[in-house]
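Containing mmCIF, C-alpha atoms: input-v2.cif.
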```
data_final
loop_
_atom_site.group_PDB
_atom_site.id
_atom_site.type_symbol
_atom_site.label_atom_id
_atom_site.label_comp_id
_atom_site.auth_asym_id
_atom_site.auth_seq_id
_atom_site.Cartn_x
_atom_site.Cartn_y
_atom_site.Cartn_z
ATOM 1 C CA MET A 4 17.087 5.686 -32.220
ATOM 2 C CA ASN A 5 14.372 3.046 -32.695
ATOM 3 C CA ILE A 6 11.056 4.602 -33.743
ATOM 4 C CA LEU A 7 7.822 2.690 -34.298
ATOM 5 C CA ILE A 8 4.944 4.567 -35.975
ATOM 6 C CA LYS A 9 1.429 3.280 -35.369
ATOM 7 C CA LYS A 10 -1.560 4.668 -37.256
ATOM 8 C CA THR A 11 -4.984 4.205 -35.757
ATOM 9 C CA ASN A 12 -8.540 5.535 -36.006
ATOM 10 C CA ARG A 13 -8.685 5.792 -32.204
ATOM 11 C CA LYS A 14 -6.263 8.719 -32.082
ATOM 12 C CA LYS A 15 -7.167 12.322 -32.896
ATOM 13 C CA THR A 16 -3.704 13.741 -32.213
ATOM 14 C CA ILE A 17 -0.114 12.456 -32.349
ATOM 15 C CA ALA A 18 1.232 10.952 -29.132
ATOM 16 C CA ILE A 19 4.692 9.666 -28.200
ATOM 17 C CA GLN A 20 5.619 7.019 -25.632
ATOM 18 C CA ILE A 21 9.018 5.669 -24.624
ATOM 19 C CA ASN A 22 9.062 1.962 -23.848
ATOM 20 C CA GLU A 23 12.367 0.216 -23.039
ATOM 21 C CA GLY A 24 14.342 2.287 -25.533
ATOM 22 C CA LEU A 25 11.677 2.165 -28.235
ATOM 23 C CA VAL A 26 9.992 5.402 -29.331
ATOM 24 C CA VAL A 27 6.360 4.594 -30.118
ATOM 25 C CA VAL A 28 4.540 7.259 -32.132
ATOM 26 C CA SER A 29 0.748 6.859 -32.338
ATOM 27 C CA ALA A 30 -1.044 8.983 -34.928
ATOM 28 C CA PRO A 31 -4.423 9.229 -36.671
ATOM 29 C CA LYS A 32 -4.584 7.509 -40.055
ATOM 30 C CA THR A 33 -5.424 10.822 -41.719
ATOM 31 C CA ILE A 34 -2.093 12.443 -40.762
ATOM 32 C CA SER A 35 0.661 12.307 -43.385
ATOM 33 C CA LYS A 36 4.189 10.979 -42.853
ATOM 34 C CA THR A 37 5.537 14.507 -43.383
ATOM 35 C CA GLU A 38 3.416 15.822 -40.506
ATOM 36 C CA ILE A 39 4.506 12.940 -38.268
ATOM 37 C CA ASP A 40 8.193 13.505 -39.093
ATOM 38 C CA SER A 41 7.806 17.214 -38.363
ATOM 39 C CA PHE A 42 6.184 16.431 -35.003
ATOM 40 C CA ILE A 43 8.989 14.016 -34.098
ATOM 41 C CA GLN A 44 11.623 16.649 -34.959
ATOM 42 C CA LYS A 45 9.926 19.176 -32.683
ATOM 43 C CA LYS A 46 9.802 16.640 -29.870
ATOM 44 C CA LEU A 47 13.369 15.414 -30.409
ATOM 45 C CA PRO A 48 14.899 17.161 -27.331
ATOM 46 C CA TRP A 49 12.143 15.690 -25.124
ATOM 47 C CA ILE A 50 12.599 12.229 -26.688
ATOM 48 C CA LYS A 51 16.388 12.292 -26.142
ATOM 49 C CA LYS A 52 15.945 13.380 -22.538
ATOM 50 C CA LYS A 53 13.435 10.580 -21.862
ATOM 51 C CA LEU A 54 15.730 8.002 -23.488
ATOM 52 C CA GLN A 55 18.643 9.245 -21.380
ATOM 53 C CA ILE A 56 16.638 8.923 -18.151
ATOM 54 C CA GLU A 57 15.453 5.444 -19.137
ATOM 55 C CA SER A 58 19.016 4.352 -19.934
ATOM 56 C CA GLU A 59 19.962 5.222 -16.348
ATOM 57 C CA LYS A 60 17.372 2.844 -14.924
ATOM 58 C CA ILE A 61 18.989 0.409 -12.505
ATOM 59 C CA ILE A 62 17.746 -3.172 -12.404
ATOM 60 C CA PRO A 63 17.102 -4.099 -8.758
ATOM 61 C CA GLU A 64 18.650 -7.241 -7.295
ATOM 62 C CA ARG A 65 16.814 -9.480 -4.869
ATOM 63 C CA LYS A 66 18.727 -9.252 -1.600
ATOM 64 C CA LYS A 67 19.834 -12.343 0.320
ATOM 65 C CA TYR A 68 21.357 -10.506 3.329
ATOM 66 C CA LEU A 69 24.691 -12.263 3.150
ATOM 67 C CA ASN A 70 28.151 -11.186 4.214
ATOM 68 C CA GLY A 71 29.890 -9.484 1.279
ATOM 69 C CA GLU A 72 26.647 -8.518 -0.477
ATOM 70 C CA TYR A 73 26.397 -4.970 -1.804
ATOM 71 C CA PHE A 74 23.803 -2.389 -0.780
ATOM 72 C CA LEU A 75 23.176 1.140 -2.049
ATOM 73 C CA PHE A 76 23.890 4.133 0.170
ATOM 74 C CA MET A 77 23.679 7.578 -1.446
ATOM 75 C CA GLU A 78 24.166 5.881 -4.826
ATOM 76 C CA LYS A 79 27.386 4.117 -3.738
ATOM 77 C CA LYS A 80 27.496 0.323 -3.648
ATOM 78 C CA LEU A 81 28.836 -0.588 -0.208
ATOM 79 C CA LYS A 82 29.809 -4.081 0.884
ATOM 80 C CA LEU A 83 27.971 -5.618 3.823
ATOM 81 C CA ASN A 84 30.353 -6.683 6.575
ATOM 82 C CA ILE A 85 28.653 -8.837 9.223
ATOM 83 C CA THR A 86 30.633 -9.326 12.421
ATOM 84 C CA SER A 87 30.178 -10.411 16.026
ATOM 85 C CA ILE A 88 33.226 -8.658 17.512
ATOM 86 C CA LYS A 89 32.491 -7.410 21.018
ATOM 87 C CA GLY A 90 32.807 -3.670 21.507
ATOM 88 C CA GLU A 91 32.131 -2.926 17.826
ATOM 89 C CA ARG A 92 29.055 -0.999 16.692
ATOM 90 C CA SER A 93 27.033 -1.141 13.516
ATOM 91 C CA CYS A 94 27.958 1.763 11.228
ATOM 92 C CA ILE A 95 28.212 2.975 7.652
ATOM 93 C CA ASN A 96 31.395 4.471 6.217
ATOM 94 C CA ASP A 97 32.823 5.182 2.763
ATOM 95 C CA CYS A 98 33.849 1.562 2.254
ATOM 96 C CA GLU A 99 31.301 -0.663 3.941
ATOM 97 C CA ILE A 100 28.151 -1.207 5.958
ATOM 98 C CA LYS A 101 29.181 -2.918 9.160
ATOM 99 C CA ILE A 102 26.514 -4.879 11.013
ATOM 100 C CA VAL A 103 27.339 -6.187 14.492
ATOM 101 C CA LEU A 104 25.244 -9.111 15.717
ATOM 102 C CA LYS A 105 25.439 -11.887 18.265
ATOM 103 C CA LYS A 106 27.530 -14.799 17.039
ATOM 104 C CA ASN A 107 24.476 -17.026 16.692
ATOM 105 C CA ASP A 108 22.744 -14.440 14.472
ATOM 106 C CA ILE A 109 25.427 -13.665 11.869
ATOM 107 C CA ASN A 110 23.813 -16.040 9.346
ATOM 108 C CA ASN A 111 20.226 -15.161 10.249
ATOM 109 C CA SER A 112 18.858 -13.175 7.284
ATOM 110 C CA SER A 113 15.893 -11.843 9.282
ATOM 111 C CA LYS A 114 18.124 -10.490 12.067
ATOM 112 C CA ILE A 115 20.534 -9.046 9.496
ATOM 113 C CA LYS A 116 17.693 -7.264 7.673
ATOM 114 C CA ILE A 117 16.341 -5.797 10.928
ATOM 115 C CA GLU A 118 19.758 -4.479 11.971
ATOM 116 C CA LEU A 119 20.436 -3.196 8.454
ATOM 117 C CA GLU A 120 17.191 -1.201 8.377
ATOM 118 C CA LYS A 121 17.933 0.117 11.871
ATOM 119 C CA ILE A 122 21.344 1.502 10.859
ATOM 120 C CA TYR A 123 19.954 2.887 7.581
ATOM 121 C CA LYS A 124 17.225 4.758 9.468
ATOM 122 C CA LYS A 125 19.789 6.195 11.881
ATOM 123 C CA TYR A 126 22.003 7.571 9.093
ATOM 124 C CA ALA A 127 19.017 8.641 6.983
ATOM 125 C CA PHE A 128 17.712 10.750 9.856
ATOM 126 C CA GLN A 129 21.091 12.385 10.490
ATOM 127 C CA ILE A 130 21.825 13.176 6.838
ATOM 128 C CA LEU A 131 18.311 14.208 5.785
ATOM 129 C CA LYS A 132 17.876 16.422 8.847
ATOM 130 C CA GLU A 133 21.150 18.245 8.202
ATOM 131 C CA LYS A 134 20.419 18.651 4.486
ATOM 132 C CA THR A 135 16.851 19.816 5.102
ATOM 133 C CA PHE A 136 17.769 22.618 7.495
ATOM 134 C CA SER A 137 20.647 23.693 5.244
ATOM 135 C CA ILE A 138 18.397 23.939 2.160
ATOM 136 C CA ALA A 139 15.609 25.491 4.270
ATOM 137 C CA ASP A 140 17.918 28.422 5.080
ATOM 138 C CA SER A 141 18.453 29.117 1.387
ATOM 139 C CA LEU A 142 14.676 29.006 0.778
ATOM 140 C CA ASN A 143 13.950 31.141 3.850
ATOM 141 C CA VAL A 144 11.519 28.594 5.312
ATOM 142 C CA ASN A 145 11.417 27.044 8.773
ATOM 143 C CA PRO A 146 10.485 23.373 9.102
ATOM 144 C CA LYS A 147 9.651 22.339 12.654
ATOM 145 C CA ARG A 148 10.678 18.696 12.919
ATOM 146 C CA ILE A 149 12.301 16.114 10.650
ATOM 147 C CA LYS A 150 11.336 12.431 10.800
ATOM 148 C CA VAL A 151 12.128 9.263 8.865
ATOM 149 C CA ARG A 152 9.437 6.657 8.285
ATOM 150 C CA SER A 153 8.666 3.528 6.313
ATOM 151 C CA TYR A 154 6.530 4.309 3.277
ATOM 152 C CA LYS A 155 5.650 1.965 0.437
ATOM 153 C CA ARG A 156 5.400 4.482 -2.394
ATOM 154 C CA ARG A 157 5.802 7.924 -0.849
ATOM 155 C CA TRP A 158 9.207 9.633 -0.629
ATOM 156 C CA GLY A 159 8.275 12.437 1.715
ATOM 157 C CA SER A 160 5.453 14.409 3.283
ATOM 158 C CA CYS A 161 4.920 17.829 4.831
ATOM 159 C CA SER A 162 2.251 18.413 7.468
ATOM 160 C CA HIS A 163 0.321 21.601 8.243
ATOM 161 C CA ASP A 164 2.297 21.976 11.459
ATOM 162 C CA LYS A 165 5.558 22.116 9.436
ATOM 163 C CA ASN A 166 6.789 18.604 10.244
ATOM 164 C CA ILE A 167 8.584 16.941 7.340
ATOM 165 C CA SER A 168 8.857 13.154 7.053
ATOM 166 C CA TYR A 169 11.000 11.169 4.629
ATOM 167 C CA ASN A 170 11.051 7.589 3.473
ATOM 168 C CA TRP A 171 14.266 6.216 5.020
ATOM 169 C CA LYS A 172 14.970 4.346 1.773
ATOM 170 C CA LEU A 173 15.569 7.699 0.083
ATOM 171 C CA ILE A 174 19.102 7.594 1.515
ATOM 172 C CA MET A 175 19.955 4.921 -1.087
ATOM 173 C CA ALA A 176 19.353 7.377 -3.953
ATOM 174 C CA PRO A 177 21.848 9.696 -5.681
ATOM 175 C CA GLU A 178 22.367 13.030 -3.911
ATOM 176 C CA LYS A 179 20.663 14.901 -6.747
ATOM 177 C CA ILE A 180 17.485 12.868 -6.154
ATOM 178 C CA ILE A 181 17.677 13.336 -2.384
ATOM 179 C CA ASN A 182 17.966 17.096 -2.859
ATOM 180 C CA TYR A 183 14.937 17.115 -5.161
ATOM 181 C CA VAL A 184 12.742 15.384 -2.565
ATOM 182 C CA ILE A 185 13.958 17.772 0.148
ATOM 183 C CA VAL A 186 13.260 20.843 -2.005
ATOM 184 C CA HIS A 187 9.861 19.394 -2.945
ATOM 185 C CA GLU A 188 8.818 19.029 0.697
ATOM 186 C CA LEU A 189 10.249 22.399 1.744
ATOM 187 C CA CYS A 190 8.341 24.152 -1.037
ATOM 188 C CA HIS A 191 5.152 22.858 0.574
ATOM 189 C CA LEU A 192 5.927 25.280 3.391
ATOM 190 C CA ILE A 193 5.416 28.027 0.791
ATOM 191 C CA HIS A 194 2.540 26.439 -1.156
ATOM 192 C CA PHE A 195 0.688 23.640 0.606
ATOM 193 C CA ASN A 196 -0.503 22.094 -2.661
ATOM 194 C CA HIS A 197 0.777 21.012 -6.070
ATOM 195 C CA SER A 198 -0.312 24.140 -7.909
ATOM 196 C CA ARG A 199 1.600 25.862 -10.691
ATOM 197 C CA ASP A 200 3.016 28.257 -8.090
ATOM 198 C CA PHE A 201 4.312 25.292 -6.103
ATOM 199 C CA TRP A 202 6.121 23.778 -9.092
ATOM 200 C CA ASN A 203 7.484 27.212 -10.010
ATOM 201 C CA SER A 204 8.994 27.406 -6.513
ATOM 202 C CA VAL A 205 10.604 23.991 -7.001
ATOM 203 C CA SER A 206 11.885 25.056 -10.421
ATOM 204 C CA ASP A 207 13.384 28.270 -9.026
ATOM 205 C CA THR A 208 15.686 26.160 -6.862
ATOM 206 C CA LEU A 209 16.069 23.142 -9.142
ATOM 207 C CA PRO A 210 15.469 24.107 -12.802
ATOM 208 C CA ASP A 211 16.070 20.481 -13.854
ATOM 209 C CA TYR A 212 13.748 18.973 -11.205
ATOM 210 C CA LYS A 213 11.682 17.094 -13.810
ATOM 211 C CA SER A 214 14.553 14.714 -14.579
ATOM 212 C CA SER A 215 14.826 13.843 -10.870
ATOM 213 C CA LYS A 216 11.081 13.343 -10.668
ATOM 214 C CA GLU A 217 11.204 11.009 -13.680
ATOM 215 C CA TRP A 218 14.213 9.128 -12.266
ATOM 216 C CA LEU A 219 12.332 8.391 -9.044
ATOM 217 C CA LYS A 220 9.284 7.194 -10.944
ATOM 218 C CA LEU A 221 11.411 4.940 -13.124
ATOM 219 C CA ASN A 222 13.592 3.518 -10.338
ATOM 220 C CA GLN A 223 11.171 3.265 -7.410
ATOM 221 C CA ASP A 224 11.458 -0.548 -7.337
ATOM 222 C CA LEU A 225 15.205 -0.223 -6.817
ATOM 223 C CA PHE A 226 14.643 0.523 -3.134
ATOM 224 C CA ASN A 227 12.461 -2.492 -2.372
ATOM 225 C CA TRP A 228 14.499 -5.080 -0.486
#
```
Would you put the structure from the file into structure tokens?
Amino acid sequence: MNILIKKTNRKKTIAIQINEGLVVVSAPKTISKTEIDSFIQKKLPWIKKKLQIESEKIIPERKKYLNGEYFLFMEKKLKLNITSIKGERSCINDCEIKIVLKKNDINNSSKIKIELEKIYKKYAFQILKEKTFSIADSLNVNPKRIKVRSYKRRWGSCSHDKNISYNWKLIMAPEKIINYVIVHELCHLIHFNHSRDFWNSVSDTLPDYKSSKEWLKLNQDLFNW
């Protein structure tokens, strides 16, 4: 574990930050090394957890929308198969993402991207809707409608009239992360805020929700094509 200790007059208390695998400890100049070491020992479980989450960060690749390129779908890397076979339909299965276009469009990156987003939105709606109503039953809440939308930074939203919307790009994430976002939005049907009671409701269903929350924050650029 790489630890860097910085002493400064600008700090009144000890603070810890994790930056690309480096543990940076900032402390007032008046605090002794013994006190700093003791603080680090107390924070060791938190530090290890943060380092573990950071080690799972995935470096996003700039997409070219080419045949044979890989795209994420529920954490799996699926190969893009672009075809112009008549009678075939665009679909996603366990092995590939099949995109069916007109023969003249199979090398058109813009057309490929449009069709790819279209099929992702279709499957995102189906999967997120089914998961939401299944989890809603266990929480004893009743969402009205499920939608998928294009958001830049938001993963989901819950309206006062009980409509829940998700970012379609969420379907690229691991199932654990998808479940966290679903539980988060469903808990807004119990507490329409981000109060302590709200987070307690999330924790009752997902005791380890904080790791999923951190993962999303760390990997949000992964879903930008």
> If you count only C-alpha atoms, which residues fall within 9 Å of Ile50 in chain A, apart from same-chain ones fewer than 5 positions away, as a ChimeraX atom specification?
Replying inline: /A:19-21,26,43,55
>> Please return as a VMD selection string every residue within 12 Å of (20.1, 10.3, -3.0), taking into account only C-alpha atoms and the file's own coordinates.
In response: chain A and resid 75 to 79 127 130 to 131 134 158 169 to 185 215 218 to 219 222 226
> So how many Å separate CA of Lys9 in chain A and CA of Ser29 in chain A, to one decimal?
Replying inline: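 Rounded to one decimal, the two atoms are 4.7 Å apart.
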On this structure, the PyMOL selection byres ((chain A and resi 166) around 7) would catch which residues? List them as a JSON list (two decimals) with C-alpha atoms, keeping the file's coordinate frame, sorted by chain and number.
```json
[["chain", "number", "residue", "atom", "x", "y", "z"],
["A", 146, "PRO", "CA", 10.48, 23.37, 9.10],
["A", 147, "LYS", "CA", 9.65, 22.34, 12.65],
["A", 148, "ARG", "CA", 10.68, 18.70, 12.92],
["A", 149, "ILE", "CA", 12.30, 16.11, 10.65],
["A", 161, "CYS", "CA", 4.92, 17.83, 4.83],
["A", 162, "SER", "CA", 2.25, 18.41, 7.47],
["A", 164, "ASP", "CA", 2.30, 21.98, 11.46],
["A", 165, "LYS", "CA", 5.56, 22.12, 9.44],
["A", 167, "ILE", "CA", 8.58, 16.94, 7.34],
["A", 168, "SER", "CA", 8.86, 13.15, 7.05]]
```
> How many Å separate CA of Leu104 in chain A from CA of Glu91 in chain A?
Replying inline: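 Between CA of Leu104 in chain A and CA of Glu91 in chain A the gap is 9.5 Å.
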>> I need the residue nearest Met4 in chain A from this list: A:Val151, A:Ile34, A:Val28, A:Leu54. Use all atoms listed in the file for the distance.
In response: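 Distance minimum relative to Met4 in chain A lands on A:Leu54.
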>> If the PyMOL selection byres ((chain A and resi 25) around 8) were run on this exact file, what residues would it hold? Put them as a list in words.
In response: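 Going through the file, the PyMOL selection byres ((chain A and resi 25) around 8) ends up selecting Met4, Asn5, Ile6, Leu7, Ile21, Asn22, Glu23, Gly24, Val26 and Val27 of chain A.
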>> One number please: CA of Ser93 in chain A to CA of Tyr126 in chain A, in Å, one decimal.
In response: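 Answer for the CA of Ser93 in chain A to CA of Tyr126 in chain A separation: 11.0 Å.
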>> List the spatial neighbours of Asn70 in chain A as a list in words - criterion: any atom at most 9 Å away, all atoms listed in the file, same-chain residues fewer than 6 positions off excluded.
In response: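 The filter keeps Lys82, Leu83, Asn84, Ile85, Thr86, Ile109 and Asn110 of chain A.
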>> Using only C-alpha atoms, can you tell me which of A:Phe201, A:Ser141, A:Ile100, A:Phe195 comes closest to Lys80 in chain A?
In response: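 Using only C-alpha atoms, Lys80 in chain A sits closest to A:Ile100.
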>> I need the residue nearest Tyr154 in chain A from this list: A:Ser35, A:Thr16, A:Gln223, A:Ser58. Use all atoms listed in the file for the distance.
In response: A:Gln223
> Is there a way to get, as a ChimeraX atom specification, all residues within 8 Å of the point (-7.5, 9.1, -38.6) in file coordinates, counting all atoms listed in the file?
Replying inline: /A:10-15,30-34
> Contacts of Ile138 in chain A at 9 Å or less, counting only C-alpha atoms, minus same-chain residues fewer than 5 places along, as a list in words?
Replying inline: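 Contacts, in chain order: Glu133, Asn143, Val144, Asn182, Ile185, Val186 and Leu189 of chain A.
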>> Measuring between only C-alpha atoms, which one of A:Gln44, A:Arg152, A:His187, A:Ile115 shows the shortest distance to Thr135 in chain A?
In response: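 Nearest candidate to Thr135 in chain A out of A:Gln44, A:Arg152, A:His187, A:Ile115: A:His187.
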>> With all atoms listed in the file as the counted atoms, please give the residues lying no more than 10 Å from Glu64 in chain A, apart from itself and same-chain residues fewer than 3 positions off, as a VMD selection string.
In response: chain A and resid 61 67 73 to 74 224 to 228
> From the list A:His194, A:Lys60, A:His163, A:Lys51, which residue is nearest Lys220 in chain A when using all atoms listed in the file?
Replying inline: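 Between A:His194, A:Lys60, A:His163, A:Lys51, the residue approaching Lys220 in chain A most closely is A:Lys60.
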Listed atoms of range 81-98 of chain A boxed axis-aligned with 4 Å per side, centre + edges as AutoDock Vina command-line options:
```
--center_x 30.4 --center_y -2.6 --center_z 10.6 --size_x 14.8 --size_y 23.6 --size_z 29.7
```
> Smallest atom-to-atom distance to Cys94 in chain A: which of A:Lys121, A:Lys53, A:Lys114, A:His197, using all atoms listed in the file?
Replying inline: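 Closest to Cys94 in chain A, using all atoms listed in the file: A:Lys121.
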Range 37-92 of chain A from the block above: C-alpha atoms written as a PDB file, in the first residue's frame:
```pdb
ATOM      1  CA  THR A  37       2.116   8.326  16.187  1.00  0.00           C
ATOM      2  CA  GLU A  38      -1.281  10.036  15.997  1.00  0.00           C
ATOM      3  CA  ILE A  39      -1.256   9.859  12.193  1.00  0.00           C
ATOM      4  CA  ASP A  40      -0.344   6.150  12.228  1.00  0.00           C
ATOM      5  CA  SER A  41      -3.121   5.473  14.733  1.00  0.00           C
ATOM      6  CA  PHE A  42      -5.624   7.316  12.526  1.00  0.00           C
ATOM      7  CA  ILE A  43      -4.530   5.337   9.459  1.00  0.00           C
ATOM      8  CA  GLN A  44      -4.941   2.044  11.356  1.00  0.00           C
ATOM      9  CA  LYS A  45      -8.484   2.990  12.350  1.00  0.00           C
ATOM     10  CA  LYS A  46      -9.310   3.889   8.764  1.00  0.00           C
ATOM     11  CA  LEU A  47      -7.619   0.813   7.283  1.00  0.00           C
ATOM     12  CA  PRO A  48     -10.858  -1.094   6.425  1.00  0.00           C
ATOM     13  CA  TRP A  49     -12.215   2.010   4.649  1.00  0.00           C
ATOM     14  CA  ILE A  50      -8.901   2.533   2.813  1.00  0.00           C
ATOM     15  CA  LYS A  51      -8.788  -1.104   1.624  1.00  0.00           C
ATOM     16  CA  LYS A  52     -12.378  -0.922   0.423  1.00  0.00           C
ATOM     17  CA  LYS A  53     -11.704   2.297  -1.522  1.00  0.00           C
ATOM     18  CA  LEU A  54      -8.560   0.805  -3.086  1.00  0.00           C
ATOM     19  CA  GLN A  55     -10.516  -2.301  -4.088  1.00  0.00           C
ATOM     20  CA  ILE A  56     -13.239  -0.226  -5.771  1.00  0.00           C
ATOM     21  CA  GLU A  57     -10.633   1.886  -7.568  1.00  0.00           C
ATOM     22  CA  SER A  58      -8.812  -1.230  -8.791  1.00  0.00           C
ATOM     23  CA  GLU A  59     -12.047  -2.316 -10.484  1.00  0.00           C
ATOM     24  CA  LYS A  60     -12.229   0.873 -12.530  1.00  0.00           C
ATOM     25  CA  ILE A  61     -12.525   0.067 -16.225  1.00  0.00           C
ATOM     26  CA  ILE A  62     -10.744   2.285 -18.733  1.00  0.00           C
ATOM     27  CA  PRO A  63     -13.243   3.237 -21.456  1.00  0.00           C
ATOM     28  CA  GLU A  64     -12.375   2.681 -25.109  1.00  0.00           C
ATOM     29  CA  ARG A  65     -13.326   5.128 -27.827  1.00  0.00           C
ATOM     30  CA  LYS A  66     -15.787   3.293 -30.057  1.00  0.00           C
ATOM     31  CA  LYS A  67     -15.384   3.154 -33.836  1.00  0.00           C
ATOM     32  CA  TYR A  68     -18.621   1.227 -34.582  1.00  0.00           C
ATOM     33  CA  LEU A  69     -16.951  -1.468 -36.627  1.00  0.00           C
ATOM     34  CA  ASN A  70     -17.887  -5.070 -37.267  1.00  0.00           C
ATOM     35  CA  GLY A  71     -16.234  -7.279 -34.637  1.00  0.00           C
ATOM     36  CA  GLU A  72     -15.881  -4.483 -32.070  1.00  0.00           C
ATOM     37  CA  TYR A  73     -16.890  -5.285 -28.499  1.00  0.00           C
ATOM     38  CA  PHE A  74     -19.597  -3.518 -26.502  1.00  0.00           C
ATOM     39  CA  LEU A  75     -20.701  -3.952 -22.889  1.00  0.00           C
ATOM     40  CA  PHE A  76     -24.092  -5.450 -22.085  1.00  0.00           C
ATOM     41  CA  MET A  77     -24.802  -6.264 -18.430  1.00  0.00           C
ATOM     42  CA  GLU A  78     -21.036  -6.311 -17.840  1.00  0.00           C
ATOM     43  CA  LYS A  79     -20.398  -8.870 -20.617  1.00  0.00           C
ATOM     44  CA  LYS A  80     -18.275  -7.887 -23.608  1.00  0.00           C
ATOM     45  CA  LEU A  81     -20.310  -8.844 -26.674  1.00  0.00           C
ATOM     46  CA  LYS A  82     -19.031  -8.756 -30.238  1.00  0.00           C
ATOM     47  CA  LEU A  83     -20.797  -6.499 -32.720  1.00  0.00           C
ATOM     48  CA  ASN A  84     -22.029  -8.423 -35.747  1.00  0.00           C
ATOM     49  CA  ILE A  85     -23.184  -6.127 -38.564  1.00  0.00           C
ATOM     50  CA  THR A  86     -25.167  -7.822 -41.318  1.00  0.00           C
ATOM     51  CA  SER A  87     -27.513  -7.006 -44.183  1.00  0.00           C
ATOM     52  CA  ILE A  88     -29.241 -10.399 -44.456  1.00  0.00           C
ATOM     53  CA  LYS A  89     -32.890  -9.985 -45.405  1.00  0.00           C
ATOM     54  CA  GLY A  90     -35.381 -11.349 -42.903  1.00  0.00           C
ATOM     55  CA  GLU A  91     -32.954 -10.984 -39.981  1.00  0.00           C
ATOM     56  CA  ARG A  92     -33.626  -8.611 -37.088  1.00  0.00           C
TER      57      ARG A  92
END
```
